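Student: TSV, C-alpha atoms and all ligand atoms, saved as final_0.tsv, coming up:
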chain	number	residue	atom	x	y	z
A	27	VAL	CA	15.53	22.95	-33.13
A	28	SER	CA	14.04	19.79	-31.65
A	29	LYS	CA	10.65	18.39	-32.57
A	30	PHE	CA	10.25	17.85	-28.81
A	31	ASN	CA	10.75	21.52	-27.98
A	32	GLU	CA	7.21	21.83	-26.68
A	33	LEU	CA	8.02	19.47	-23.79
A	34	THR	CA	8.92	21.23	-20.56
A	35	MET	CA	10.91	19.57	-17.76
A	36	ALA	CA	8.59	17.45	-15.60
A	37	PRO	CA	8.90	17.92	-11.82
A	38	PRO	CA	10.66	15.13	-9.89
A	39	ASP	CA	8.32	12.55	-8.34
A	40	PRO	CA	7.53	13.66	-4.76
A	41	ILE	CA	8.41	10.23	-3.34
A	42	LEU	CA	10.96	8.67	-5.70
A	43	GLY	CA	12.59	12.11	-6.15
A	44	VAL	CA	13.51	12.02	-2.45
A	45	SER	CA	15.77	9.01	-3.03
A	46	GLU	CA	17.54	10.84	-5.86
A	47	ALA	CA	18.29	13.78	-3.57
A	48	PHE	CA	19.44	11.38	-0.82
A	49	ARG	CA	21.96	9.68	-3.10
A	50	ALA	CA	23.51	13.06	-3.92
A	51	ASP	CA	24.03	13.93	-0.20
A	52	THR	CA	27.42	12.98	1.28
A	53	HIS	CA	26.74	13.73	4.99
A	54	GLU	CA	27.53	10.74	7.23
A	55	MET	CA	24.35	10.97	9.33
A	56	LYS	CA	22.06	11.20	6.31
A	57	LEU	CA	18.88	9.14	6.56
A	58	ASN	CA	16.49	8.14	3.79
A	59	LEU	CA	13.00	8.01	5.29
A	60	GLY	CA	11.29	8.87	2.02
A	61	VAL	CA	10.44	5.75	0.10
A	62	GLY	CA	8.65	2.91	1.88
A	63	ALA	CA	11.15	0.10	1.52
A	64	TYR	CA	12.23	-2.19	4.33
A	65	ARG	CA	15.84	-1.96	5.48
A	66	THR	CA	17.73	-4.09	7.97
A	67	GLU	CA	19.13	-2.62	11.20
A	68	ASP	CA	22.27	-1.86	9.11
A	69	LEU	CA	19.99	0.05	6.75
A	70	GLN	CA	20.64	-2.38	3.91
A	71	PRO	CA	18.03	-3.71	1.48
A	72	TYR	CA	16.69	-7.11	2.45
A	73	VAL	CA	15.92	-10.13	0.29
A	74	LEU	CA	13.78	-12.59	2.26
A	75	ASP	CA	15.23	-16.07	2.77
A	76	VAL	CA	11.99	-17.62	1.51
A	77	VAL	CA	12.36	-15.67	-1.72
A	78	LYS	CA	15.87	-17.05	-2.22
A	79	LYS	CA	14.63	-20.57	-1.48
A	80	ALA	CA	11.75	-20.22	-3.91
A	81	GLU	CA	14.12	-18.91	-6.58
A	82	ASN	CA	16.46	-21.87	-6.05
A	83	LEU	CA	13.53	-24.24	-6.46
A	84	MET	CA	12.58	-22.50	-9.68
A	85	LEU	CA	16.13	-22.82	-11.04
A	86	GLU	CA	16.29	-26.49	-10.13
A	87	ARG	CA	13.06	-27.15	-11.95
A	88	GLY	CA	14.42	-25.40	-15.02
A	89	GLU	CA	11.15	-23.61	-15.66
A	90	ASN	CA	10.68	-21.93	-19.04
A	91	LYS	CA	10.03	-18.30	-19.93
A	92	GLU	CA	7.07	-18.70	-22.23
A	93	TYR	CA	4.40	-15.99	-22.18
A	94	LEU	CA	1.86	-16.10	-19.40
A	95	PRO	CA	-1.84	-15.86	-20.26
A	96	ILE	CA	-3.16	-12.27	-20.13
A	97	GLU	CA	-4.68	-12.87	-16.69
A	98	GLY	CA	-1.37	-14.13	-15.28
A	99	LEU	CA	-0.11	-17.30	-13.61
A	100	ALA	CA	-3.02	-19.50	-12.53
A	101	ALA	CA	-1.23	-20.75	-9.40
A	102	PHE	CA	-0.47	-17.18	-8.39
A	103	ASN	CA	-4.00	-15.95	-8.95
A	104	LYS	CA	-5.37	-18.76	-6.82
A	105	ALA	CA	-2.81	-18.18	-4.06
A	106	THR	CA	-3.25	-14.42	-3.95
A	107	ALA	CA	-7.04	-14.54	-3.75
A	108	GLU	CA	-6.87	-17.17	-0.99
A	109	LEU	CA	-4.39	-15.12	0.97
A	110	LEU	CA	-6.67	-12.13	0.77
A	111	PHE	CA	-10.11	-13.62	1.36
A	112	GLY	CA	-9.14	-16.80	3.19
A	113	ALA	CA	-9.05	-20.22	1.49
A	114	GLU	CA	-12.42	-21.16	2.98
A	115	SER	CA	-14.16	-17.91	2.16
A	116	VAL	CA	-17.64	-17.96	0.70
A	117	VAL	CA	-16.73	-15.63	-2.17
A	118	LEU	CA	-14.04	-18.05	-3.39
A	119	GLN	CA	-16.16	-21.15	-2.85
A	120	GLN	CA	-18.88	-19.54	-4.95
A	121	GLN	CA	-16.30	-18.47	-7.54
A	122	ARG	CA	-17.48	-14.90	-7.33
A	123	VAL	CA	-14.03	-13.29	-7.57
A	124	ALA	CA	-12.40	-12.13	-10.81
A	125	THR	CA	-8.64	-12.15	-10.13
A	126	VAL	CA	-6.12	-10.86	-12.64
A	127	GLN	CA	-2.38	-10.60	-12.03
A	128	GLY	CA	-1.20	-6.99	-12.25
A	129	LEU	CA	2.03	-5.01	-12.33
A	130	SER	CA	2.20	-4.81	-8.55
A	131	GLY	CA	-0.15	-2.57	-6.59
A	132	THR	CA	0.17	0.37	-8.95
A	133	GLY	CA	-0.55	-1.61	-12.11
A	134	SER	CA	-3.47	-3.39	-10.44
A	135	LEU	CA	-4.98	-0.10	-9.32
A	136	ARG	CA	-4.58	1.16	-12.85
A	137	LEU	CA	-6.45	-1.81	-14.35
A	138	ALA	CA	-9.31	-1.12	-11.97
A	139	ALA	CA	-9.21	2.60	-12.77
A	140	VAL	CA	-9.60	1.87	-16.48
A	141	LEU	CA	-12.46	-0.53	-15.71
A	142	ILE	CA	-14.21	2.26	-13.79
A	143	GLU	CA	-13.59	4.82	-16.52
A	144	ARG	CA	-14.94	2.45	-19.17
A	145	TYR	CA	-17.96	0.96	-17.49
A	146	PHE	CA	-19.01	3.52	-14.86
A	147	PRO	CA	-18.95	6.75	-16.85
A	148	GLY	CA	-19.03	9.80	-14.61
A	149	ALA	CA	-18.67	7.76	-11.41
A	150	LYS	CA	-16.38	9.35	-8.90
A	151	VAL	CA	-13.71	7.74	-6.77
A	152	LEU	CA	-13.53	9.05	-3.22
A	153	ILE	CA	-10.03	9.08	-1.81
A	154	SER	CA	-8.85	9.92	1.68
A	155	ALA	CA	-7.24	13.26	2.47
A	156	PRO	CA	-4.34	12.64	2.52
A	157	THR	CA	-3.53	9.49	0.61
A	158	TRP	CA	-0.60	7.83	-1.15
A	159	GLY	CA	0.45	10.44	-3.73
A	160	ASN	CA	0.23	8.14	-6.72
A	161	HIS	CA	-3.50	7.49	-6.27
A	162	LYS	CA	-4.33	10.87	-7.76
A	163	ASN	CA	-1.96	10.32	-10.70
A	164	ILE	CA	-3.47	6.91	-11.41
A	165	PHE	CA	-7.06	8.19	-11.52
A	166	ASN	CA	-6.10	11.36	-13.39
A	167	ASP	CA	-4.28	9.45	-16.09
A	168	ALA	CA	-7.12	6.95	-16.41
A	169	GLY	CA	-9.58	9.84	-16.73
A	170	VAL	CA	-11.51	8.97	-13.59
A	171	PRO	CA	-12.90	11.89	-11.57
A	172	TRP	CA	-12.08	11.82	-7.87
A	173	SER	CA	-12.69	13.86	-4.78
A	174	GLU	CA	-11.43	13.66	-1.23
A	175	TYR	CA	-13.08	12.57	2.00
A	176	ARG	CA	-11.83	13.83	5.34
A	177	TYR	CA	-9.52	11.36	7.07
A	178	TYR	CA	-6.71	12.98	8.99
A	179	ASP	CA	-7.32	15.33	11.89
A	180	PRO	CA	-4.25	17.52	12.48
A	181	LYS	CA	-5.46	18.47	15.95
A	182	THR	CA	-5.24	14.93	17.25
A	183	VAL	CA	-2.86	13.55	14.62
A	184	GLY	CA	-5.60	10.91	14.46
A	185	LEU	CA	-8.62	9.86	12.41
A	186	ASP	CA	-11.35	12.38	11.63
A	187	PHE	CA	-13.96	9.64	11.75
A	188	ASP	CA	-17.04	11.88	11.80
A	189	GLY	CA	-15.68	13.88	8.85
A	190	MET	CA	-14.95	10.67	6.96
A	191	ILE	CA	-18.44	9.28	7.52
A	192	SER	CA	-20.25	12.48	6.61
A	193	ASP	CA	-18.22	12.92	3.41
A	194	ILE	CA	-18.89	9.34	2.33
A	195	LYS	CA	-22.59	9.91	3.07
A	196	ALA	CA	-22.64	13.16	1.11
A	197	ALA	CA	-21.11	11.67	-2.07
A	198	PRO	CA	-23.36	10.76	-5.01
A	199	ALA	CA	-24.81	7.25	-4.62
A	200	GLY	CA	-22.81	4.62	-6.48
A	201	SER	CA	-19.41	6.26	-5.97
A	202	PHE	CA	-16.29	4.17	-5.50
A	203	VAL	CA	-14.71	4.56	-2.06
A	204	LEU	CA	-10.99	3.92	-2.00
A	205	LEU	CA	-9.93	2.46	1.35
A	206	HIS	CA	-6.53	1.37	2.57
A	207	GLY	CA	-6.98	-2.20	3.81
A	208	CYS	CA	-4.44	-1.70	6.60
A	209	ALA	CA	-1.55	0.59	7.52
A	210	HIS	CA	-2.94	3.71	5.87
A	211	ASN	CA	-0.34	5.54	3.81
A	212	PRO	CA	0.85	8.20	4.66
A	213	THR	CA	-0.75	8.56	8.10
A	214	GLY	CA	-0.34	5.10	9.66
A	215	ILE	CA	-3.80	5.68	11.15
A	216	ASP	CA	-6.37	2.89	10.67
A	217	PRO	CA	-10.03	2.72	11.67
A	218	THR	CA	-10.83	0.41	14.58
A	219	PRO	CA	-12.86	-2.77	13.88
A	220	GLU	CA	-15.98	-0.99	15.20
A	221	GLN	CA	-15.34	1.96	12.91
A	222	TRP	CA	-14.89	-0.38	9.92
A	223	GLU	CA	-18.40	-1.73	10.61
A	224	VAL	CA	-19.82	1.79	10.49
A	225	ILE	CA	-17.90	2.55	7.28
A	226	ALA	CA	-19.36	-0.61	5.73
A	227	ASP	CA	-22.87	0.41	6.89
A	228	VAL	CA	-22.64	3.80	5.22
A	229	ILE	CA	-21.17	2.42	2.01
A	230	GLN	CA	-23.96	-0.15	1.82
A	231	GLU	CA	-26.65	2.45	2.55
A	232	LYS	CA	-25.34	4.69	-0.20
A	233	ASN	CA	-24.91	1.89	-2.71
A	234	HIS	CA	-21.26	2.86	-3.03
A	235	ILE	CA	-18.63	0.38	-4.23
A	236	PRO	CA	-15.72	-0.24	-1.86
A	237	PHE	CA	-12.32	-0.27	-3.54
A	238	PHE	CA	-9.55	-1.53	-1.27
A	239	ASP	CA	-5.87	-0.90	-1.77
A	240	VAL	CA	-3.99	-3.61	0.14
A	241	ALA	CA	-0.28	-2.86	-0.11
A	242	TYR	CA	0.77	-4.03	3.36
A	243	GLN	CA	-0.96	-7.32	4.16
A	244	GLY	CA	1.01	-8.94	6.99
A	245	PHE	CA	3.23	-5.94	7.36
A	246	ALA	CA	1.04	-3.87	9.65
A	247	SER	CA	0.26	-6.31	12.44
A	248	GLY	CA	2.63	-9.10	11.43
A	249	SER	CA	-0.42	-11.31	10.70
A	250	LEU	CA	-1.75	-11.89	7.19
A	251	ASP	CA	-5.25	-12.69	8.46
A	252	GLU	CA	-5.51	-9.75	10.81
A	253	ASP	CA	-4.43	-7.31	8.12
A	254	ALA	CA	-7.05	-8.70	5.73
A	255	SER	CA	-9.88	-8.40	8.25
A	256	SER	CA	-11.21	-5.11	6.85
A	257	VAL	CA	-11.56	-6.57	3.35
A	258	ARG	CA	-13.10	-9.78	4.71
A	259	LEU	CA	-15.64	-7.84	6.74
A	260	PHE	CA	-16.94	-6.24	3.54
A	261	ALA	CA	-16.79	-9.48	1.54
A	262	ASP	CA	-18.66	-11.34	4.29
A	263	ARG	CA	-21.50	-8.85	4.03
A	264	GLY	CA	-22.06	-10.01	0.46
A	265	MET	CA	-21.01	-6.70	-1.06
A	266	GLU	CA	-19.40	-6.34	-4.46
A	267	LEU	CA	-15.96	-4.78	-4.11
A	268	LEU	CA	-12.56	-4.27	-5.69
A	269	VAL	CA	-9.22	-5.09	-4.07
A	270	ALA	CA	-5.76	-4.26	-5.42
A	271	GLN	CA	-2.89	-6.24	-3.88
A	272	SER	CA	0.87	-5.77	-3.81
A	273	TYR	CA	3.77	-8.03	-2.83
A	274	SER	CA	6.33	-5.22	-2.86
A	275	LYS	CA	6.51	-4.85	0.91
A	276	ASN	CA	5.36	-8.08	2.51
A	277	LEU	CA	7.59	-10.29	0.31
A	278	GLY	CA	10.12	-7.56	-0.49
A	279	LEU	CA	9.48	-8.00	-4.23
A	280	TYR	CA	9.51	-4.27	-5.02
A	281	SER	CA	11.11	-4.52	-8.44
A	282	GLU	CA	9.42	-7.74	-9.53
A	283	ARG	CA	6.15	-5.82	-9.96
A	284	ILE	CA	3.85	-8.51	-8.65
A	285	GLY	CA	0.30	-7.93	-7.44
A	286	ALA	CA	-3.30	-8.50	-8.45
A	287	ILE	CA	-6.68	-6.92	-8.92
A	288	ASN	CA	-9.62	-8.82	-7.46
A	289	VAL	CA	-13.23	-7.94	-8.19
A	290	VAL	CA	-15.78	-9.58	-5.94
A	291	CYS	CA	-19.02	-9.92	-7.89
A	292	SER	CA	-22.59	-10.93	-7.09
A	293	SER	CA	-22.27	-14.21	-9.05
A	294	SER	CA	-19.66	-16.34	-10.77
A	295	GLU	CA	-21.20	-15.51	-14.12
A	296	VAL	CA	-20.66	-11.76	-13.52
A	297	ALA	CA	-17.13	-12.47	-12.29
A	298	GLN	CA	-16.32	-14.20	-15.59
A	299	ARG	CA	-17.52	-11.21	-17.57
A	300	VAL	CA	-15.56	-8.78	-15.38
A	301	LYS	CA	-12.43	-10.88	-15.76
A	302	SER	CA	-12.79	-10.94	-19.53
A	303	GLN	CA	-12.94	-7.13	-19.57
A	304	LEU	CA	-9.91	-6.77	-17.29
A	305	LYS	CA	-7.98	-8.96	-19.75
A	306	ARG	CA	-9.17	-6.80	-22.58
A	307	ILE	CA	-7.78	-3.74	-20.77
A	308	ALA	CA	-4.42	-5.40	-20.07
A	309	ARG	CA	-3.76	-6.75	-23.57
A	310	PRO	CA	-3.07	-3.46	-25.40
A	311	MET	CA	-1.27	-1.98	-22.37
A	312	TYR	CA	1.38	-4.63	-21.66
A	313	SER	CA	0.01	-7.80	-23.27
A	314	ASN	CA	0.72	-10.14	-20.36
A	315	PRO	CA	2.42	-9.86	-16.99
A	316	PRO	CA	5.94	-10.95	-15.91
A	317	ILE	CA	6.32	-14.48	-14.57
A	318	HIS	CA	9.16	-14.38	-12.08
A	319	GLY	CA	7.47	-12.67	-9.13
A	320	ALA	CA	4.28	-14.63	-9.70
A	321	ARG	CA	6.18	-17.90	-9.43
A	322	ILE	CA	7.89	-16.75	-6.25
A	323	VAL	CA	4.57	-15.95	-4.59
A	324	ALA	CA	2.97	-19.18	-5.82
A	325	ASN	CA	5.90	-21.23	-4.55
A	326	VAL	CA	6.02	-19.53	-1.15
A	327	VAL	CA	2.29	-19.72	-0.52
A	328	GLY	CA	2.01	-23.19	-2.06
A	329	SER	CA	4.57	-24.86	0.20
A	330	PRO	CA	3.58	-25.24	3.86
A	331	ASP	CA	7.23	-24.95	4.96
A	332	LEU	CA	7.98	-21.83	2.96
A	333	PHE	CA	4.64	-20.32	3.91
A	334	ASN	CA	5.43	-20.69	7.60
A	335	GLU	CA	8.92	-19.31	7.12
A	336	TRP	CA	7.49	-16.33	5.30
A	337	LYS	CA	5.16	-15.60	8.19
A	338	GLU	CA	8.13	-15.69	10.56
A	339	GLU	CA	10.20	-13.35	8.41
A	340	MET	CA	7.28	-10.99	8.05
A	341	ALA	CA	6.81	-10.93	11.80
A	342	VAL	CA	10.49	-10.06	12.18
A	343	MET	CA	10.17	-7.17	9.71
A	344	ALA	CA	6.98	-5.87	11.32
A	345	GLY	CA	8.62	-6.31	14.74
A	346	ARG	CA	11.69	-4.30	13.80
A	347	ILE	CA	9.50	-1.45	12.61
A	348	LYS	CA	7.47	-1.56	15.82
A	349	SER	CA	10.63	-1.51	17.90
A	350	VAL	CA	12.13	1.56	16.20
A	351	ARG	CA	8.74	3.23	16.51
A	352	LYS	CA	8.89	2.68	20.26
A	353	LYS	CA	12.51	3.75	20.47
A	354	LEU	CA	11.84	6.94	18.54
A	355	TYR	CA	8.93	7.74	20.86
A	356	ASP	CA	11.09	7.07	23.94
A	357	SER	CA	13.89	9.28	22.62
A	358	ILE	CA	11.58	12.16	21.79
A	359	THR	CA	9.69	12.09	25.07
A	360	GLU	CA	12.91	11.86	27.04
A	361	LYS	CA	14.40	14.89	25.32
A	362	GLU	CA	11.29	17.02	24.94
A	363	LYS	CA	10.02	18.09	28.34
A	364	THR	CA	7.03	20.18	27.21
A	365	SER	CA	3.47	19.03	27.49
A	366	LYS	CA	3.21	18.02	23.84
A	367	ASP	CA	1.58	14.62	23.50
A	368	TRP	CA	3.62	12.36	21.23
A	369	SER	CA	1.56	9.22	21.80
A	370	PHE	CA	0.27	9.40	18.21
A	371	ILE	CA	3.61	7.90	17.16
A	372	LEU	CA	2.80	4.74	19.07
A	373	LYS	CA	-0.81	4.58	17.91
A	374	GLN	CA	0.15	4.63	14.24
A	375	ILE	CA	0.65	1.34	12.46
A	376	GLY	CA	2.74	0.00	9.59
A	377	MET	CA	5.77	1.31	7.82
A	378	PHE	CA	5.09	5.01	8.19
A	379	SER	CA	4.74	7.60	10.85
A	380	PHE	CA	2.97	10.85	10.14
A	381	THR	CA	4.92	13.28	12.29
A	382	GLY	CA	2.60	16.24	11.95
A	383	LEU	CA	5.57	18.29	10.64
A	384	ASN	CA	4.42	20.82	8.05
A	385	LYS	CA	6.14	21.52	4.73
A	386	ALA	CA	8.63	24.09	6.07
A	387	GLN	CA	9.45	21.88	9.05
A	388	SER	CA	9.90	18.86	6.79
A	389	GLU	CA	12.24	20.94	4.66
A	390	ASN	CA	14.26	21.80	7.77
A	391	MET	CA	14.61	18.07	8.47
A	392	THR	CA	16.32	17.70	5.13
A	393	SER	CA	18.31	20.91	4.76
A	394	LYS	CA	19.64	21.03	8.32
A	395	TRP	CA	19.57	17.40	9.46
A	396	HIS	CA	20.02	15.45	6.19
A	397	VAL	CA	16.85	13.50	6.93
A	398	TYR	CA	15.14	12.80	3.62
A	399	MET	CA	11.36	12.51	3.80
A	400	THR	CA	8.25	13.54	1.89
A	401	LYS	CA	7.12	17.12	2.45
A	402	ASP	CA	3.83	16.04	3.98
A	403	GLY	CA	5.62	15.10	7.21
A	404	ARG	CA	5.65	11.37	6.56
A	405	ILE	CA	8.67	9.31	7.60
A	406	SER	CA	9.28	5.68	6.71
A	407	LEU	CA	10.25	3.87	9.90
A	408	ALA	CA	11.38	0.95	7.74
A	409	GLY	CA	14.40	3.08	6.80
A	410	LEU	CA	15.30	3.86	10.42
A	411	SER	CA	17.71	1.91	12.64
A	412	ALA	CA	17.69	1.76	16.44
A	413	ALA	CA	21.13	3.39	16.34
A	414	LYS	CA	19.75	6.47	14.58
A	415	CYS	CA	16.58	7.03	16.66
A	416	ASP	CA	18.33	9.52	18.92
A	417	TYR	CA	19.57	11.57	16.01
A	418	LEU	CA	16.13	11.55	14.40
A	419	ALA	CA	14.51	12.60	17.69
A	420	ASP	CA	16.84	15.63	17.84
A	421	ALA	CA	15.97	16.51	14.25
A	422	ILE	CA	12.21	16.26	14.86
A	423	ILE	CA	12.27	18.31	18.05
A	424	ASP	CA	14.44	20.98	16.43
A	425	SER	CA	12.19	21.13	13.37
A	426	TYR	CA	9.03	21.54	15.48
A	427	HIS	CA	10.40	24.67	17.15
A	501	LIG	N1	-0.78	1.55	-2.52
A	501	LIG	C1	-0.20	2.08	-1.46
A	501	LIG	C2	-1.05	2.66	-0.39
A	501	LIG	C3	1.18	2.06	-1.35
A	501	LIG	O1	1.75	2.58	-0.26
A	501	LIG	C4	1.96	1.49	-2.37
A	501	LIG	C5	3.45	1.45	-2.30
A	501	LIG	N2	4.07	2.54	-1.78
A	501	LIG	C6	1.29	0.95	-3.47
A	501	LIG	C7	-0.07	1.00	-3.50
A	501	LIG	C8	1.92	0.32	-4.66
A	501	LIG	O2	3.18	-0.11	-4.65
A	501	LIG	P1	3.65	-1.15	-5.74
A	501	LIG	O3	3.21	-0.63	-7.06
A	501	LIG	O4	5.11	-1.23	-5.60
A	501	LIG	O5	2.99	-2.43	-5.40
Could you express the structure from this file as structure tokens?

Tutor:
Amino acid sequence: VSKFNELTMAPPDPILGVSEAFRADTHEMKLNLGVGAYRTEDLQPYVLDVVKKAENLMLERGENKEYLPIEGLAAFNKATAELLFGAESVVLQQQRVATVQGLSGTGSLRLAAVLIERYFPGAKVLISAPTWGNHKNIFNDAGVPWSEYRYYDPKTVGLDFDGMISDIKAAPAGSFVLLHGCAHNPTGIDPTPEQWEVIADVIQEKNHIPFFDVAYQGFASGSLDEDASSVRLFADRGMELLVAQSYSKNLGLYSERIGAINVVCSSSEVAQRVKSQLKRIARPMYSNPPIHGARIVANVVGSPDLFNEWKEEMAVMAGRIKSVRKKLYDSITEKEKTSKDWSFILKQIGMFSFTGLNKAQSENMTSKWHVYMTKDGRISLAGLSAAKCDYLADAIIDSYH
């Protein structure tokens, strides 16, 4: 008998498990709309040209593989903070930001979660209902209590703004409020600029601490600056805040695990102390971060030519997603002659569309139509081709009825 007999079989991950099921399916029309990874029109994975160019440069230079410092590659940390806040931003000029390289978005969120657990005992993190599934795991495993604020309104397949505001108001003062910087996952529904102002007002009134998760900068609108505007609005108000960043989507560096945690503080002296504690959290967990992805980002952002090329490639990716979004909407509205309003599909932004399909309907999408998606009704448009929009429209209409 095994010494591990007490361990039961863990359930498959609700998102990554979808890809496993997809691989096992042999149907020719099968579609993987589960995981949020960009595919070309041929539904193939895509390595950006700028990434290949940066990697060639790195090879030519014959760079070594020595350990990085605990906080990561200095050139990366500088580039990532500038991309987020803007090179001319006051918070960077005043050196009020503690930036530490993390293991992509997930690892950066986790560093922040441990910081909260350690130095804000009992403080709660407010997360949107719904949110990216891993948020709950991250806070649970770090021992940070969380509760949900209203976000999604099933009646309109839109934002429940009043619910969101009243829940943020009702939370104990000094709570952390987790916000998706742009392209909210899974709903694809973002607050308007006016609504962001009101959210900032309430958070300031309640002395809450905003905690942004920015996993899609440049991927939502196609513009890096536009997608950072929510974060910058808060930073410009002089608030202290946390921001986790990821380069999985916008640079297609999924498996390089490159991202960062940024903590905007009231002074540079506080920022130094915060940074020292983040390093202290990282050291026993993974010692120091991997170098390859950090060098890619630093090279791309650091070279004006590569930086411009990146922006162009990002606009192409964002544009392809927007165009299948439109095509899916056109197909559905052409086929479905009832009065149902499908305009929510067009209003949503980013990689995902929240279809409003419930669990049973989502299961029908998979069992009958071989369309793999999460059971919350989310589909990744980045895994859809123009050629398959018609088929997907049939599947969605059938599943609704
Ligand atoms: N936050 C959100 C909202 C996400 O959608 C994702 C990726 N699906 C992440 C964080 C983290 O991804 P990664 O760890 O690959 O950067």

Student: What is the distance between CA of Val342 in chain A and CA of Ile405 in chain A, in Å to one decimal?

Tutor: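 Rounded to one decimal, the two atoms are 20.0 Å apart.
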
Student: In Å to one decimal, how far is CA of Val116 in chain A from CA of Leu259 in chain A?

Tutor: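 It comes out at 12.0 Å.
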
Student: I'd like the contact shell of range 71-74 of chain A - 10 Å cut-off, all atoms listed in the file, skipping same-chain residues fewer than 3 positions apart - returned as a list in words.

Tutor: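 Here the qualifying residues turn out to be Ala63, Tyr64, Arg65, Thr66, Glu67, Asp68, Val77, Lys78, Lys79, Asn276, Leu277, Gly278, Leu279, Glu335, Trp336, Glu339, Met340, Met343 and Gly409 of chain A.
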
Student: Which protein, DNA or RNA residues have an atom within 9 Å of ligand LIG 501 (chain A), counting all atoms listed in the file, as a PyMOL selection string?

Tutor: chain A and resi 41+61-63+129-135+157-161+206-212+239-242+270-275+279-285

Student: Can you write just those residues out, C-alpha atoms, as a PDB file, in the coordinates of the input?

Tutor:
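Produced file selection-v7.pdb, reproduced below:
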ATOM      1  CA  ILE A  41       8.410  10.230  -3.340  1.00  0.00           C
ATOM      2  CA  VAL A  61      10.440   5.750   0.100  1.00  0.00           C
ATOM      3  CA  GLY A  62       8.650   2.910   1.880  1.00  0.00           C
ATOM      4  CA  ALA A  63      11.150   0.100   1.520  1.00  0.00           C
ATOM      5  CA  LEU A 129       2.030  -5.010 -12.330  1.00  0.00           C
ATOM      6  CA  SER A 130       2.200  -4.810  -8.550  1.00  0.00           C
ATOM      7  CA  GLY A 131      -0.150  -2.570  -6.590  1.00  0.00           C
ATOM      8  CA  THR A 132       0.170   0.370  -8.950  1.00  0.00           C
ATOM      9  CA  GLY A 133      -0.550  -1.610 -12.110  1.00  0.00           C
ATOM     10  CA  SER A 134      -3.470  -3.390 -10.440  1.00  0.00           C
ATOM     11  CA  LEU A 135      -4.980  -0.100  -9.320  1.00  0.00           C
ATOM     12  CA  THR A 157      -3.530   9.490   0.610  1.00  0.00           C
ATOM     13  CA  TRP A 158      -0.600   7.830  -1.150  1.00  0.00           C
ATOM     14  CA  GLY A 159       0.450  10.440  -3.730  1.00  0.00           C
ATOM     15  CA  ASN A 160       0.230   8.140  -6.720  1.00  0.00           C
ATOM     16  CA  HIS A 161      -3.500   7.490  -6.270  1.00  0.00           C
ATOM     17  CA  HIS A 206      -6.530   1.370   2.570  1.00  0.00           C
ATOM     18  CA  GLY A 207      -6.980  -2.200   3.810  1.00  0.00           C
ATOM     19  CA  CYS A 208      -4.440  -1.700   6.600  1.00  0.00           C
ATOM     20  CA  ALA A 209      -1.550   0.590   7.520  1.00  0.00           C
ATOM     21  CA  HIS A 210      -2.940   3.710   5.870  1.00  0.00           C
ATOM     22  CA  ASN A 211      -0.340   5.540   3.810  1.00  0.00           C
ATOM     23  CA  PRO A 212       0.850   8.200   4.660  1.00  0.00           C
ATOM     24  CA  ASP A 239      -5.870  -0.900  -1.770  1.00  0.00           C
ATOM     25  CA  VAL A 240      -3.990  -3.610   0.140  1.00  0.00           C
ATOM     26  CA  ALA A 241      -0.280  -2.860  -0.110  1.00  0.00           C
ATOM     27  CA  TYR A 242       0.770  -4.030   3.360  1.00  0.00           C
ATOM     28  CA  ALA A 270      -5.760  -4.260  -5.420  1.00  0.00           C
ATOM     29  CA  GLN A 271      -2.890  -6.240  -3.880  1.00  0.00           C
ATOM     30  CA  SER A 272       0.870  -5.770  -3.810  1.00  0.00           C
ATOM     31  CA  TYR A 273       3.770  -8.030  -2.830  1.00  0.00           C
ATOM     32  CA  SER A 274       6.330  -5.220  -2.860  1.00  0.00           C
ATOM     33  CA  LYS A 275       6.510  -4.850   0.910  1.00  0.00           C
ATOM     34  CA  LEU A 279       9.480  -8.000  -4.230  1.00  0.00           C
ATOM     35  CA  TYR A 280       9.510  -4.270  -5.020  1.00  0.00           C
ATOM     36  CA  SER A 281      11.110  -4.520  -8.440  1.00  0.00           C
ATOM     37  CA  GLU A 282       9.420  -7.740  -9.530  1.00  0.00           C
ATOM     38  CA  ARG A 283       6.150  -5.820  -9.960  1.00  0.00           C
ATOM     39  CA  ILE A 284       3.850  -8.510  -8.650  1.00  0.00           C
ATOM     40  CA  GLY A 285       0.300  -7.930  -7.440  1.00  0.00           C
TER      41      GLY A 285
END

Student: Using all atoms listed in the file, I'd like a table of the residues in range 154-176 of chain A that come within 9 Å of range 138-147 of chain A; for each, show the closest atom pair and its distance in Å rounded to one decimal, ordered by chain and ascending number, as JSON lines.

Tutor:
{"residue": "A:Ile164", "atom": "CA", "partner": "A:Ala139", "partner_atom": "CA", "distance": 7.3}
{"residue": "A:Phe165", "atom": "CA", "partner": "A:Ala139", "partner_atom": "CA", "distance": 6.1}
{"residue": "A:Ala168", "atom": "CA", "partner": "A:Val140", "partner_atom": "CA", "distance": 5.7}
{"residue": "A:Gly169", "atom": "CA", "partner": "A:Glu143", "partner_atom": "CA", "distance": 6.4}
{"residue": "A:Val170", "atom": "CA", "partner": "A:Glu143", "partner_atom": "CA", "distance": 5.5}
{"residue": "A:Pro171", "atom": "CA", "partner": "A:Glu143", "partner_atom": "CA", "distance": 8.7}

Student: Could you check how far CA of Gln243 in chain A sits from CA of Arg122 in chain A, in Å to one decimal?

Tutor: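 Distance reported for this atom pair: 21.5 Å.
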
Student: Contacts of Gly60 in chain A at 12 Å or less, counting all atoms listed in the file, minus same-chain residues fewer than 6 places along, as a ChimeraX atom specification?

Tutor: /A:39-49,212,377-380,388,391-392,396-410
